[in-house]
file run_17.cif (mmCIF, C-alpha atoms)
data_protein
#
loop_
_atom_site.label_atom_id
_atom_site.label_comp_id
_atom_site.auth_asym_id
_atom_site.auth_seq_id
_atom_site.Cartn_x
_atom_site.Cartn_y
_atom_site.Cartn_z
CA MET Y 27 142.73 229.86 146.05
CA LYS Y 28 145.48 228.24 143.97
CA THR Y 29 143.86 229.20 140.66
CA THR Y 30 143.54 232.80 141.79
CA ALA Y 31 147.15 233.05 143.01
CA LEU Y 32 148.46 231.47 139.82
CA SER Y 33 146.42 233.85 137.65
CA ILE Y 34 147.70 236.86 139.61
CA MET Y 35 151.34 235.90 139.27
CA THR Y 36 150.96 234.94 135.62
CA GLY Y 37 149.60 238.40 134.92
CA LEU Y 38 152.46 240.07 136.77
CA ILE Y 39 155.13 238.54 134.56
CA SER Y 40 153.06 238.94 131.40
CA THR Y 41 153.23 235.31 130.33
CA ALA Y 42 150.83 233.58 128.02
CA ALA Y 43 150.01 229.90 127.76
CA LEU Y 44 152.22 228.31 125.10
CA ALA Y 45 150.71 224.88 124.68
CA GLU Y 46 148.81 222.25 126.56
CA GLY Y 47 150.85 219.77 128.56
CA PRO Y 48 153.03 219.59 131.67
CA ALA Y 49 156.02 221.83 132.33
CA GLY Y 50 159.56 220.73 131.75
CA PHE Y 51 161.54 219.86 134.88
CA THR Y 52 165.21 219.36 135.63
CA GLU Y 53 167.17 219.11 138.85
CA LEU Y 54 169.61 221.79 139.98
CA SER Y 55 172.63 221.64 142.29
CA PHE Y 56 175.34 224.17 143.05
CA GLU Y 57 177.93 224.95 145.70
CA ALA Y 58 177.01 227.61 148.26
CA PRO Y 59 180.07 228.98 150.10
CA HIS Y 60 177.88 230.71 152.70
CA HIS Y 61 176.61 227.27 153.76
CA GLY Y 62 179.82 225.36 153.12
CA ARG Y 63 177.92 222.75 151.13
CA ALA Y 64 175.80 222.21 148.06
CA VAL Y 65 172.26 223.50 147.57
CA ASN Y 66 169.78 221.37 145.64
CA GLY Y 67 166.76 222.53 143.75
CA ALA Y 68 164.98 222.39 140.42
CA ILE Y 69 164.13 224.36 137.31
CA TRP Y 70 160.67 224.29 135.72
CA TYR Y 71 160.30 225.62 132.20
CA PRO Y 72 158.03 225.72 129.12
CA ALA Y 73 158.39 222.34 127.45
CA ALA Y 74 158.43 221.48 123.76
CA GLY Y 75 158.27 217.69 123.80
CA GLY Y 76 160.56 214.92 124.91
CA GLY Y 77 161.46 213.99 128.46
CA ASP Y 78 160.00 211.47 130.89
CA ALA Y 79 156.61 211.92 132.52
CA ILE Y 80 156.81 212.20 136.32
CA LEU Y 81 154.43 213.06 139.14
CA TYR Y 82 156.63 215.39 141.16
CA GLY Y 83 156.18 215.44 144.93
CA ASP Y 84 153.60 212.66 144.98
CA ASN Y 85 153.49 210.75 148.28
CA PRO Y 86 150.90 209.24 150.67
CA VAL Y 87 150.04 212.73 151.96
CA PHE Y 88 150.26 215.08 148.96
CA HIS Y 89 149.07 214.85 145.38
CA GLY Y 90 152.01 215.24 142.99
CA THR Y 91 152.42 217.67 140.12
CA PRO Y 92 152.73 216.33 136.55
CA ALA Y 93 155.96 217.32 134.79
CA MET Y 94 158.22 216.17 131.96
CA GLU Y 95 161.70 215.56 133.32
CA ASP Y 96 164.49 216.79 131.03
CA ALA Y 97 162.04 217.80 128.31
CA ASP Y 98 163.14 220.08 125.49
CA LEU Y 99 162.89 223.80 126.19
CA ALA Y 100 160.34 225.64 124.05
CA ALA Y 101 161.49 228.37 121.70
CA GLY Y 102 161.23 231.95 122.93
CA SER Y 103 162.44 234.41 125.51
CA PHE Y 104 160.96 233.86 128.96
CA PRO Y 105 160.73 235.73 132.27
CA VAL Y 106 162.44 234.14 135.26
CA VAL Y 107 160.84 233.51 138.65
CA LEU Y 108 163.00 232.73 141.70
CA MET Y 109 160.71 230.85 144.11
CA SER Y 110 161.34 230.51 147.85
CA HIS Y 111 159.45 228.03 150.05
CA GLY Y 112 158.29 228.57 153.61
CA LEU Y 113 160.05 227.68 156.86
CA GLY Y 114 160.32 223.90 157.03
CA GLY Y 115 158.92 223.51 153.51
CA ASN Y 116 160.60 222.42 150.31
CA ILE Y 117 160.38 222.88 146.54
CA ARG Y 118 157.75 220.14 146.28
CA THR Y 119 155.23 222.02 148.41
CA LEU Y 120 154.94 224.84 145.86
CA SER Y 121 155.29 222.71 142.74
CA TRP Y 122 151.65 223.42 141.76
CA LEU Y 123 152.70 227.08 141.42
CA THR Y 124 156.16 226.62 139.90
CA ALA Y 125 154.87 224.14 137.32
CA GLY Y 126 151.82 226.29 136.61
CA LEU Y 127 153.95 229.36 135.90
CA ALA Y 128 156.26 227.33 133.67
CA GLU Y 129 153.31 226.01 131.69
CA ARG Y 130 152.32 229.62 131.10
CA GLY Y 131 155.68 230.73 129.81
CA ALA Y 132 158.16 231.30 132.65
CA ILE Y 133 161.43 229.71 133.70
CA VAL Y 134 161.06 229.04 137.43
CA VAL Y 135 163.92 228.24 139.79
CA GLY Y 136 163.42 226.87 143.30
CA VAL Y 137 165.85 225.58 145.91
CA ASN Y 138 165.62 223.61 149.13
CA HIS Y 139 167.04 226.20 151.50
CA PRO Y 140 169.60 224.56 153.82
CA ASN Y 141 168.68 224.60 157.52
CA SER Y 142 165.08 225.65 156.86
CA SER Y 143 163.63 222.94 154.65
CA THR Y 144 161.96 219.56 155.20
CA GLY Y 145 164.50 217.01 156.46
CA ASP Y 146 167.20 219.69 156.68
CA PHE Y 147 166.01 221.85 159.54
CA ASP Y 148 167.98 223.74 162.17
CA LEU Y 149 165.90 226.55 163.65
CA LEU Y 150 168.83 228.62 164.89
CA ALA Y 151 170.72 228.40 161.60
CA GLY Y 152 167.51 228.74 159.58
CA LEU Y 153 166.72 232.07 161.24
CA ALA Y 154 169.74 233.52 159.43
CA HIS Y 155 167.23 234.61 156.79
CA GLY Y 156 169.83 236.32 154.62
CA THR Y 157 171.31 232.97 153.63
CA ARG Y 158 168.08 232.18 151.78
CA ALA Y 159 168.43 235.29 149.66
CA GLN Y 160 172.02 234.29 148.93
CA ASP Y 161 170.81 230.83 147.84
CA LEU Y 162 168.60 232.37 145.17
CA GLN Y 163 171.23 234.87 144.09
CA ILE Y 164 173.60 232.02 143.31
CA ALA Y 165 170.82 230.03 141.65
CA LEU Y 166 170.17 232.98 139.32
CA THR Y 167 173.87 233.20 138.50
CA GLU Y 168 173.91 229.48 137.75
CA LEU Y 169 170.91 229.84 135.46
CA SER Y 170 172.51 232.73 133.59
CA SER Y 171 175.51 230.57 132.68
CA ASP Y 172 173.60 227.34 132.00
CA PRO Y 173 173.81 226.64 128.24
CA ARG Y 174 170.31 225.16 128.31
CA PHE Y 175 168.74 228.43 129.48
CA GLU Y 176 171.18 231.34 129.27
CA ASN Y 177 170.01 232.56 125.87
CA GLN Y 178 166.31 232.20 126.54
CA PHE Y 179 165.51 234.16 129.64
CA ASP Y 180 164.47 237.79 129.65
CA GLN Y 181 166.79 239.70 131.97
CA SER Y 182 164.33 242.60 132.06
CA ARG Y 183 161.74 240.37 133.78
CA ILE Y 184 163.19 238.60 136.81
CA MET Y 185 160.78 238.09 139.68
CA ALA Y 186 161.63 237.14 143.25
CA ALA Y 187 158.64 235.28 144.68
CA GLY Y 188 157.91 233.25 147.75
CA PHE Y 189 155.48 231.98 150.34
CA SER Y 190 155.52 232.76 154.08
CA TYR Y 191 159.18 232.84 155.24
CA GLY Y 192 159.97 232.59 151.53
CA GLY Y 193 157.83 235.67 150.94
CA TRP Y 194 160.25 237.56 153.15
CA THR Y 195 163.14 236.08 151.17
CA ALA Y 196 161.58 237.48 148.00
CA MET Y 197 161.05 240.90 149.53
CA SER Y 198 164.61 241.02 150.85
CA LEU Y 199 165.90 240.33 147.35
CA GLY Y 200 163.72 243.26 146.30
CA GLY Y 201 165.25 245.60 148.86
CA VAL Y 202 163.39 245.45 152.18
CA THR Y 203 165.51 245.17 155.33
CA ALA Y 204 164.69 243.61 158.70
CA ASP Y 205 165.07 244.77 162.31
CA LEU Y 206 166.10 242.11 164.81
CA ALA Y 207 165.44 244.16 167.95
CA ALA Y 208 161.98 245.14 166.71
CA TYR Y 209 161.12 241.55 165.85
CA ALA Y 210 162.28 240.39 169.29
CA ASP Y 211 160.02 243.04 170.85
CA HIS Y 212 157.14 241.78 168.69
CA CYS Y 213 157.60 238.21 169.88
CA ALA Y 214 157.88 239.33 173.50
CA ALA Y 215 154.58 241.17 173.13
CA TYR Y 216 152.61 238.61 171.12
CA GLN Y 217 154.19 235.32 172.23
CA ASP Y 218 151.79 232.40 171.57
CA ALA Y 219 149.50 234.55 169.42
CA SER Y 220 152.12 234.30 166.66
CA THR Y 221 152.90 230.83 165.32
CA HIS Y 222 156.40 231.94 164.31
CA CYS Y 223 157.17 233.41 167.73
CA THR Y 224 155.81 230.24 169.32
CA ASP Y 225 158.15 228.11 167.20
CA ILE Y 226 161.10 230.30 168.20
CA MET Y 227 160.28 230.04 171.90
CA ARG Y 228 159.68 226.29 171.78
CA GLY Y 229 162.94 225.88 169.88
CA GLY Y 230 164.83 227.54 172.72
CA VAL Y 231 166.16 230.32 170.50
CA GLU Y 232 166.82 233.76 171.96
CA LEU Y 233 166.40 236.32 169.20
CA ALA Y 234 168.58 238.80 171.05
CA GLU Y 235 171.53 236.41 170.69
CA LEU Y 236 171.38 236.29 166.88
CA ASP Y 237 173.72 238.26 164.64
CA ALA Y 238 171.97 241.63 164.36
CA ASP Y 239 174.27 242.86 161.59
CA ALA Y 240 173.41 239.88 159.38
CA TRP Y 241 169.70 240.04 160.27
CA ASN Y 242 169.45 243.76 159.51
CA ALA Y 243 171.65 243.77 156.39
CA SER Y 244 170.42 244.48 152.87
CA TYR Y 245 170.20 241.50 150.50
CA ARG Y 246 168.95 243.53 147.55
CA ASP Y 247 169.87 242.05 144.16
CA ALA Y 248 169.93 244.59 141.33
CA ARG Y 249 168.96 241.90 138.82
CA ILE Y 250 165.50 241.54 140.37
CA THR Y 251 162.86 243.64 138.60
CA MET Y 252 159.70 242.62 140.49
CA VAL Y 253 158.59 240.91 143.70
CA ALA Y 254 155.55 238.81 144.59
CA ALA Y 255 155.13 237.71 148.21
CA ILE Y 256 152.37 235.33 149.30
CA ASP Y 257 151.60 235.75 153.02
CA PRO Y 258 155.15 236.94 153.79
CA ALA Y 259 156.66 236.70 157.29
CA LEU Y 260 159.12 238.76 159.41
CA HIS Y 261 157.65 242.20 158.63
CA TRP Y 262 156.56 243.05 162.20
CA GLY Y 263 158.16 246.06 163.86
CA LEU Y 264 159.42 247.76 160.70
CA ASP Y 265 159.20 251.42 159.71
CA ALA Y 266 159.50 253.40 156.50
CA ALA Y 267 163.30 253.26 156.52
CA HIS Y 268 163.19 249.47 156.19
CA ALA Y 269 160.89 249.61 153.17
CA ASN Y 270 162.38 252.60 151.35
CA GLY Y 271 164.62 250.44 149.18
CA LEU Y 272 161.91 248.00 148.14
CA LEU Y 273 161.11 247.80 144.43
CA ASP Y 274 158.07 249.67 143.18
CA ASP Y 275 156.91 246.59 141.27
CA LEU Y 276 155.64 244.75 144.33
CA GLN Y 277 152.68 242.40 144.75
CA LEU Y 278 151.50 241.30 148.20
CA ILE Y 279 149.01 238.44 148.37
CA ALA Y 280 147.10 237.85 151.61
CA LEU Y 281 145.50 234.49 152.34
CA GLY Y 282 142.30 234.58 154.37
CA THR Y 283 140.51 237.19 156.46
CA GLY Y 284 139.34 237.41 160.05
CA LYS Y 285 139.98 234.26 162.07
CA ASP Y 286 141.45 232.59 158.97
CA ARG Y 287 144.25 235.16 158.76
CA LEU Y 288 147.59 234.04 160.24
CA LEU Y 289 148.92 236.71 162.61
CA ALA Y 290 152.57 236.04 161.82
CA THR Y 291 152.01 236.91 158.15
CA ASP Y 292 149.29 239.57 158.47
CA PHE Y 293 150.65 242.75 156.87
CA SER Y 294 147.35 244.68 157.10
CA ALA Y 295 146.53 247.62 159.33
CA THR Y 296 145.20 245.22 161.96
CA GLY Y 297 148.39 243.15 161.72
CA SER Y 298 151.94 244.43 161.39
CA GLY Y 299 150.90 247.49 159.39
CA PHE Y 300 153.60 246.76 156.81
CA ALA Y 301 151.21 247.46 153.92
CA ALA Y 302 151.11 251.13 154.90
CA LEU Y 303 154.89 251.31 154.41
CA VAL Y 304 154.58 250.26 150.76
CA PRO Y 305 151.68 252.31 149.35
CA HIS Y 306 152.93 251.54 145.84
CA ALA Y 307 152.32 247.80 146.32
CA LYS Y 308 149.52 245.96 144.59
CA ILE Y 309 147.66 244.09 147.32
CA ILE Y 310 145.30 241.20 146.70
CA ASP Y 311 143.26 239.51 149.44
CA ILE Y 312 142.24 235.96 148.60
CA ALA Y 313 139.30 234.67 150.63
CA PRO Y 314 138.05 232.25 151.61
CA ALA Y 315 141.52 230.87 152.11
CA ASN Y 316 144.03 230.09 154.82
CA HIS Y 317 147.80 230.19 155.06
CA PHE Y 318 148.45 226.49 154.57
CA GLY Y 319 146.15 226.32 151.56
CA ALA Y 320 149.18 227.46 149.56
CA LEU Y 321 150.76 224.00 149.93
CA LEU Y 322 150.17 221.05 147.60
CA SER Y 323 146.70 219.54 147.82
CA CYS Y 324 146.56 216.56 150.18
#
call {"tool": "encode", "arguments": {"input": "run_17.cif", "output": "structure tokens"}}
result
Amino acid sequence: MKTTALSIMTGLISTAALAEGPAGFTELSFEAPHHGRAVNGAIWYPAAGGGDAILYGDNPVFHGTPAMEDADLAAGSFPVVLMSHGLGGNIRTLSWLTAGLAERGAIVVGVNHPNSSTGDFDLLAGLAHGTRAQDLQIALTELSSDPRFENQFDQSRIMAAGFSYGGWTAMSLGGVTADLAAYADHCAAYQDASTHCTDIMRGGVELAELDADAWNASYRDARITMVAAIDPALHWGLDAAHANGLLDDLQLIALGTGKDRLLATDFSATGSGFAALVPHAKIIDIAPANHFGALLSC
């Protein structure tokens, strides 16, 4: 599954392998006024020697990803990928993908989204999904003024990408909008059949009490030129008006079929039907697979 997803996304941004060896890696931190605190993350990039070898994200549960911390940046002009993790995840969980894309010629930026990441989780605050798009917008601005990278990224190739809840973040940066009332109706109808709706109910959150204006707002960023969403969430209850502003250069990747397909992220005709709203999208079904196979190997 991971090899297939990596190959698909590499092809989308037209990268080519530069050299054998791990990606470069450096930490990222910036102030986020919409959170009232700093956001931490990382940048992966094509390396050209130097740096310290690390095994990023390695712990007793997950196998880490090899990288060269603070390595030299390779020569060239590279596409940028803004990567968003899933609800309760973190930048480590997708490091196989971020590092893999960097090894193939992309500069990849990921952040630990406040209120919806591992060890920094507040369900009510984390459901303000627009703040995640704002996180990546600021991260892109930071990258564009970073002297290490500002002259070596291709502004005509900037992809918003993400997994699960992060897949929605990517699509919102690309122009899709949400509908709070429709999503509340979806959860009322499906309840325990949807893992996301179950989490909301068990967390004691009433969707109807959230800020509808913020939920339904557009978070489109004109700098984004393409979107890739792996098993995206939050697309239930939408209609054509919500998808009209979404970029034409859109890739949707589905993980699993039949009983292996996660209802909360199923955009097919037998799921939310979102795929029918974006007939221009390139859709890839990866099977056998399941939703959580997108995380680091354990």
call {"tool": "atom_distance", "arguments": {"input": "run_17.cif", "atom1": "atom CA of Ala320 of chain Y", "atom2": "atom CA of Val137 of chain Y"}}
result
17.2 Å
call {"tool": "closest_residue", "arguments": {"input": "run_17.cif", "among": "Y:Val202, Y:Ile309, Y:Ala219, Y:Ala187", "to": "Gly112 of chain Y", "atoms": "all atoms listed in the file"}}
result
Y:Ala187
call {"tool": "residues_near_point", "arguments": {"input": "run_17.cif", "point": "(170.1, 222.8, 142.9)", "cutoff": "6 Å", "atoms": "all atoms listed in the file", "output": "mmCIF file with C-alpha atoms, in the frame of the given file"}}
result
data_model
loop_
_atom_site.group_PDB
_atom_site.id
_atom_site.type_symbol
_atom_site.label_atom_id
_atom_site.label_comp_id
_atom_site.auth_asym_id
_atom_site.auth_seq_id
_atom_site.Cartn_x
_atom_site.Cartn_y
_atom_site.Cartn_z
ATOM 1 C CA LEU Y 54 169.610 221.790 139.980
ATOM 2 C CA SER Y 55 172.630 221.640 142.290
ATOM 3 C CA PHE Y 56 175.340 224.170 143.050
ATOM 4 C CA VAL Y 65 172.260 223.500 147.570
ATOM 5 C CA ASN Y 66 169.780 221.370 145.640
ATOM 6 C CA GLY Y 67 166.760 222.530 143.750
ATOM 7 C CA ALA Y 68 164.980 222.390 140.420
ATOM 8 C CA VAL Y 137 165.850 225.580 145.910
#
call {"tool": "atom_distance", "arguments": {"input": "run_17.cif", "atom1": "atom CA of Phe300 of chain Y", "atom2": "atom CA of Ile34 of chain Y"}}
result
20.7 Å
call {"tool": "resolve_selection", "arguments": {"input": "run_17.cif", "expression": "the PyMOL selection byres ((chain Y and resi 213) around 12)", "output": "PyMOL selection string"}}
result
chain Y and resi 206-212+214-227+231-234+260-263+289-290+298
call {"tool": "atom_distance", "arguments": {"input": "run_17.cif", "atom1": "atom CA of Ala31 of chain Y", "atom2": "atom CA of Ala154 of chain Y"}}
result
27.9 Å
call {"tool": "closest_residue", "arguments": {"input": "run_17.cif", "among": "Y:Ala307, Y:Met185, Y:Ala125, Y:Ala58", "to": "Leu32 of chain Y", "atoms": "all atoms listed in the file"}}
result
Y:Ala125
call {"tool": "resolve_selection", "arguments": {"input": "run_17.cif", "expression": "the PyMOL selection byres ((chain Y and resi 276) around 9)", "output": "list in words"}}
result
Met197, Gly200, Met252, Val253, Ala254, Ala255, Leu272, Leu273, Asp274, Asp275, Gln277, Leu278, Val304, His306, Ala307, Lys308 and Ile309 of chain Y
call {"tool": "resolve_selection", "arguments": {"input": "run_17.cif", "expression": "the PyMOL selection byres ((chain Y and resi 83) around 9)", "output": "ChimeraX atom specification"}}
result
/Y:81-82,84-85,88-91,117-119,121,322
call {"tool": "closest_residue", "arguments": {"input": "run_17.cif", "among": "Y:Ala128, Y:Ile164, Y:Leu303, Y:Leu108", "to": "His268 of chain Y", "atoms": "all atoms listed in the file"}}
result
Y:Leu303
call {"tool": "residues_around", "arguments": {"input": "run_17.cif", "residues": "Ala100 of chain Y", "least_positions_apart": "4", "cutoff": "6 Å", "atoms": "all atoms listed in the file", "output": "NGL selection string"}}
result
:Y and (72-74)
call {"tool": "closest_residue", "arguments": {"input": "run_17.cif", "among": "Y:Thr203, Y:Ser190, Y:Asn242, Y:Ser103", "to": "Leu281 of chain Y", "atoms": "all atoms listed in the file"}}
result
Y:Ser190
call {"tool": "closest_residue", "arguments": {"input": "run_17.cif", "among": "Y:Glu235, Y:Asp78, Y:Asp146, Y:Asp257", "to": "Thr195 of chain Y", "atoms": "only C-alpha atoms"}}
result
Y:Asp257
call {"tool": "residues_near_point", "arguments": {"input": "run_17.cif", "point": "(163.2, 226.5, 137.3)", "cutoff": "9 Å", "atoms": "only C-alpha atoms", "output": "NGL selection string"}}
result
:Y and (50-54 or 67-71 or 106-109 or 124-125 or 128 or 132-136 or 169)
call {"tool": "axis_aligned_box", "arguments": {"input": "run_17.cif", "around": "segment 92-100 of chain Y", "padding_each_side": "6 Å", "output": "lines of an AutoDock Vina configuration file"}}
result
center_x = 158.6
center_y = 220.6
center_z = 130.3
size_x = 23.8
size_y = 22.1
size_z = 24.5
call {"tool": "closest_residue", "arguments": {"input": "run_17.cif", "among": "Y:Gly297, Y:Gly284, Y:Gly229, Y:Gly47", "to": "Glu129 of chain Y", "atoms": "only C-alpha atoms"}}
result
Y:Gly47
